[in-house]
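Notes follow once the structure below has been shown.
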Amino acid sequence: TVLLLGPSGTGKELFAQAIHQNSARKNKPFIKVACAALPESLLESELFGHEKGSFTGAIANREGRFEAANGGTLFLDEIGDISLAVQVKLLRFLEERELERVGGNRTIKVDVRIVTATHRDLRRRVKEGQFREDLYYRLNVIEVQIPPLRERGTDITLLAQHFLKRFAKVNHKEVNRLSDDAIALLQRHDWPGNVREL
């Protein structure tokens with residue numbers, strides 16, 4: 001289990017994909033879930049699946065993202081934003097490697113690598129009672145700190161050249177390189193939005 005920490009826009013999702021692509025699971029699914037984008041009730045069903053009739057609108061059985069990622073990697077983005085109720089179910093899954101769908105009573109075994117990411121300070125959230133300490137330690141087996149772009153000076157030039165070539169090709173433009181002045185200007189900028197801003 002890998003925990004990716006760093007400011008918003010630093011490329012945590014790309015790091016998660018790189019972990020997957022460089023693992024023995026690379027030919028299996030890589031499933032992404034944006035935890036902060038889903039309300040608690042929907043997130044639980046999205047992760048664990050549900051049984052027909054378990055709630056209004058559940059017209060059929062549906063496998064969750066854990067089952068869909070079986071054999072592969074499940075990337076849980078913005079894990080620091082999930083509710084305490086979902087944290088309990090996630091902790092149980094990490095301890096047992098099995099789940100029950102919402103409204104179900106059948107236990108389903110799943111083999112999946114979990115990679116999580118957040119821009120939040122999870123240690124502080126643990127102290128404030130907003131994040132379970134036992135879950136924090138289950139998620140933080142391998143911690144990777146991704147620094148902000150302003151601390152990755154040489155990356156600015158490499159990334160800028162990459163984006164220049166990519167967008168020149170898409171827009172059918174003949175632009176091959178950035179001038180020295182342009183690079184100097186980019187390296188002086190603070191990049192509060194990180195790679196996303198660049």
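Chain labels follow the order of the structure tokens: the first chain is A, the next B, and so on; residue numbering restarts at 1 in every chain, and ligands are counted from 1 in their shown order.
For region 36-151 of chain A, a DSSP pass over the backbone yields strand (DSSP E) at Thr73, Leu74, Phe75, Leu76, Asp77, Glu98, Leu99, Ile108, Lys109, Arg113, Ile114, Val115, Thr116, Ala117, Thr118, Ile142, Glu143, Val144 and Gln145 of chain A.
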- [ ] For each of A:Ala160, A:Leu149, A:Ala168, A:Leu94, take the minimum atom-to-atom distance to Asn194 (chain A), counting only C-alpha atoms, then give the residue where this is smallest.
- [x] A:Leu149
Task: For Pro147 (chain A), the nearest of the candidates A:Arg177, A:Arg125, A:His119, A:His20, counting only C-alpha atoms - done: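 Among the listed residues, A:His119 lies closest to Pro147 (chain A).
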Open item on the list: as a ChimeraX atom specification, please: the residues near Arg196 (chain A) (cut-off 12 Å, only C-alpha atoms, same-chain neighbours under 6 positions excluded).
Closed with: /A:7-14,148-149,156,159-160,163
Open item on the list: One number please: CA of Val2 (chain A) to CA of Pro29 (chain A), in Å, one decimal.
Closed with: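 According to the coordinates, CA of Val2 (chain A) and CA of Pro29 (chain A) are separated by 16.8 Å.
Nearest to Val144 (chain A) of all the residues A:Lys26, A:Asp121, A:His162, A:Thr116 is A:Thr116, counting only C-alpha atoms.
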Could you list, as a PDB file with N, CA and C atoms, in the first residue's frame, every residue within 9 Å of Ile82 (chain A), counting only C-alpha atoms and ignoring same-chain residues fewer than 2 positions away?
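Output (around-v1.pdb):
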```
ATOM      1  N   CYS A  35     -12.203  10.349  -4.649  1.00  0.00           N
ATOM      2  CA  CYS A  35     -13.004  10.238  -3.420  1.00  0.00           C
ATOM      3  C   CYS A  35     -13.724  11.535  -3.057  1.00  0.00           C
ATOM      4  N   ALA A  36     -13.083  12.672  -3.266  1.00  0.00           N
ATOM      5  CA  ALA A  36     -13.673  13.955  -2.867  1.00  0.00           C
ATOM      6  C   ALA A  36     -14.851  14.333  -3.753  1.00  0.00           C
ATOM      7  N   PRO A  39     -20.365  11.955  -2.853  1.00  0.00           N
ATOM      8  CA  PRO A  39     -20.911  11.993  -1.495  1.00  0.00           C
ATOM      9  C   PRO A  39     -20.730  10.629  -0.814  1.00  0.00           C
ATOM     10  N   GLU A  40     -20.784  10.625   0.516  1.00  0.00           N
ATOM     11  CA  GLU A  40     -20.507   9.422   1.307  1.00  0.00           C
ATOM     12  C   GLU A  40     -21.304   8.208   0.842  1.00  0.00           C
ATOM     13  N   LEU A  43     -20.064   7.065  -2.566  1.00  0.00           N
ATOM     14  CA  LEU A  43     -18.694   6.566  -2.515  1.00  0.00           C
ATOM     15  C   LEU A  43     -18.659   5.123  -2.012  1.00  0.00           C
ATOM     16  N   GLU A  78      -7.461  11.713  -3.156  1.00  0.00           N
ATOM     17  CA  GLU A  78      -8.005  12.556  -2.076  1.00  0.00           C
ATOM     18  C   GLU A  78      -8.639  11.696  -0.973  1.00  0.00           C
ATOM     19  N   ILE A  79      -7.867  10.726  -0.516  1.00  0.00           N
ATOM     20  CA  ILE A  79      -8.304   9.810   0.547  1.00  0.00           C
ATOM     21  C   ILE A  79      -8.573  10.552   1.852  1.00  0.00           C
ATOM     22  N   GLY A  80      -7.944  11.697   2.038  1.00  0.00           N
ATOM     23  CA  GLY A  80      -8.134  12.474   3.258  1.00  0.00           C
ATOM     24  C   GLY A  80      -9.516  13.070   3.399  1.00  0.00           C
ATOM     25  N   LEU A  84     -15.735   9.187   8.126  1.00  0.00           N
ATOM     26  CA  LEU A  84     -15.331   8.180   9.111  1.00  0.00           C
ATOM     27  C   LEU A  84     -16.026   6.842   8.862  1.00  0.00           C
ATOM     28  N   ALA A  85     -17.285   6.883   8.399  1.00  0.00           N
ATOM     29  CA  ALA A  85     -18.015   5.629   8.136  1.00  0.00           C
ATOM     30  C   ALA A  85     -17.361   4.836   7.009  1.00  0.00           C
ATOM     31  N   VAL A  86     -16.964   5.506   5.940  1.00  0.00           N
ATOM     32  CA  VAL A  86     -16.298   4.816   4.833  1.00  0.00           C
ATOM     33  C   VAL A  86     -14.897   4.380   5.266  1.00  0.00           C
ATOM     34  N   GLN A  87     -14.260   5.163   6.133  1.00  0.00           N
ATOM     35  CA  GLN A  87     -12.938   4.796   6.645  1.00  0.00           C
ATOM     36  C   GLN A  87     -12.990   3.440   7.355  1.00  0.00           C
ATOM     37  N   PHE A 131      -9.577  11.569  10.965  1.00  0.00           N
ATOM     38  CA  PHE A 131      -9.076  10.434  10.194  1.00  0.00           C
ATOM     39  C   PHE A 131      -8.607   9.378  11.173  1.00  0.00           C
TER      40      PHE A 131
END
```
Task: Test item: residues at most 8 Å from Trp191 (chain A), only C-alpha atoms, excluding those fewer than 4 positions along its chain, as number ranges by chain - done: A: 149-150, 195, 197-198
Expected file: the selected residues, all heavy atoms, as a short mmCIF file (atom, residue, chain, number, x, y, z; two decimals), in the first residue's frame:
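File produced: out.cif:
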```cif
data_model
loop_
_atom_site.label_atom_id
_atom_site.label_comp_id
_atom_site.auth_asym_id
_atom_site.auth_seq_id
_atom_site.Cartn_x
_atom_site.Cartn_y
_atom_site.Cartn_z
N LEU A 149 6.29 21.97 -7.48
CA LEU A 149 7.10 22.21 -8.68
C LEU A 149 8.22 23.23 -8.42
O LEU A 149 9.31 23.07 -8.95
CB LEU A 149 6.20 22.67 -9.83
CG LEU A 149 6.86 22.81 -11.20
CD1 LEU A 149 7.51 21.50 -11.63
CD2 LEU A 149 5.85 23.27 -12.23
N ARG A 150 7.97 24.23 -7.59
CA ARG A 150 8.99 25.26 -7.34
C ARG A 150 10.25 24.68 -6.70
O ARG A 150 11.31 25.27 -6.76
CB ARG A 150 8.42 26.39 -6.49
CG ARG A 150 8.08 26.01 -5.07
CD ARG A 150 7.49 27.17 -4.25
NE ARG A 150 6.95 26.69 -3.01
CZ ARG A 150 5.73 26.20 -2.86
NH1 ARG A 150 4.91 26.14 -3.88
NH2 ARG A 150 5.32 25.76 -1.68
N VAL A 195 2.32 21.47 -11.46
CA VAL A 195 2.38 21.00 -12.84
C VAL A 195 1.08 21.34 -13.57
O VAL A 195 1.08 21.66 -14.76
CB VAL A 195 2.68 19.49 -12.91
CG1 VAL A 195 2.73 19.00 -14.34
CG2 VAL A 195 3.99 19.19 -12.20
N GLU A 197 -0.73 23.97 -13.26
CA GLU A 197 -0.63 25.36 -13.70
C GLU A 197 0.31 25.48 -14.90
O GLU A 197 0.03 26.20 -15.86
CB GLU A 197 -0.12 26.25 -12.57
CG GLU A 197 0.02 27.72 -12.96
CD GLU A 197 0.61 28.58 -11.86
OE1 GLU A 197 0.90 28.07 -10.77
OE2 GLU A 197 0.78 29.78 -12.10
N LEU A 198 1.45 24.79 -14.84
CA LEU A 198 2.41 24.84 -15.94
C LEU A 198 1.76 24.34 -17.23
O LEU A 198 1.91 24.93 -18.27
CB LEU A 198 3.65 23.99 -15.62
CG LEU A 198 4.70 23.86 -16.72
CD1 LEU A 198 5.30 25.22 -17.09
CD2 LEU A 198 5.81 22.91 -16.28
#
```
Task: Which residue of A:Leu76, A:Leu4, A:Leu135, A:Ile114 approaches Val33 (chain A) most closely, using only C-alpha atoms - done: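 That would be A:Leu76, the residue with the smallest distance to Val33 (chain A).
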- [ ] Might you pull out every residue within 12 Å of Arg106 (chain A), with only C-alpha atoms counted and same-chain residues fewer than 3 positions away left off, and present them as a PyMOL selection string?
- [x] chain A and resi 48-51+98-103+109
TODO: Rank A:Val112, A:Leu38, A:Leu122, A:Glu44 by their smallest atom-to-atom distance to Val88 (chain A), using only C-alpha atoms, and report the top residue only.
DONE: A:Glu44
- [ ] Have a look at CA of Gly64 (chain A) and CA of Val141 (chain A) and let me know their distance in Å, one decimal.
- [x] 23.9 Å
Open item on the list: My list of candidates is A:Gln145, A:Thr154, A:Ser45, A:Gln17. Which is closest to Lys32 (chain A) when distances are computed with only C-alpha atoms?
Closed with: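 Looking only at the distances to Lys32 (chain A), the closest residue turns out to be A:Gln17.
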Task: Coordinates-based distance that separates CA of Ser83 (chain A) from CA of Gln130 (chain A) (Å, one decimal) - done: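 Computing it gives 8.1 Å between the two atoms.
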TODO: Run DSSP on the backbone and grab whatever in region 81-150 of chain A lands in helix (DSSP H, G or I); send it over as a PyMOL selection string.
DONE: chain A and resi 81+84-96+122-127+133-139+149-150
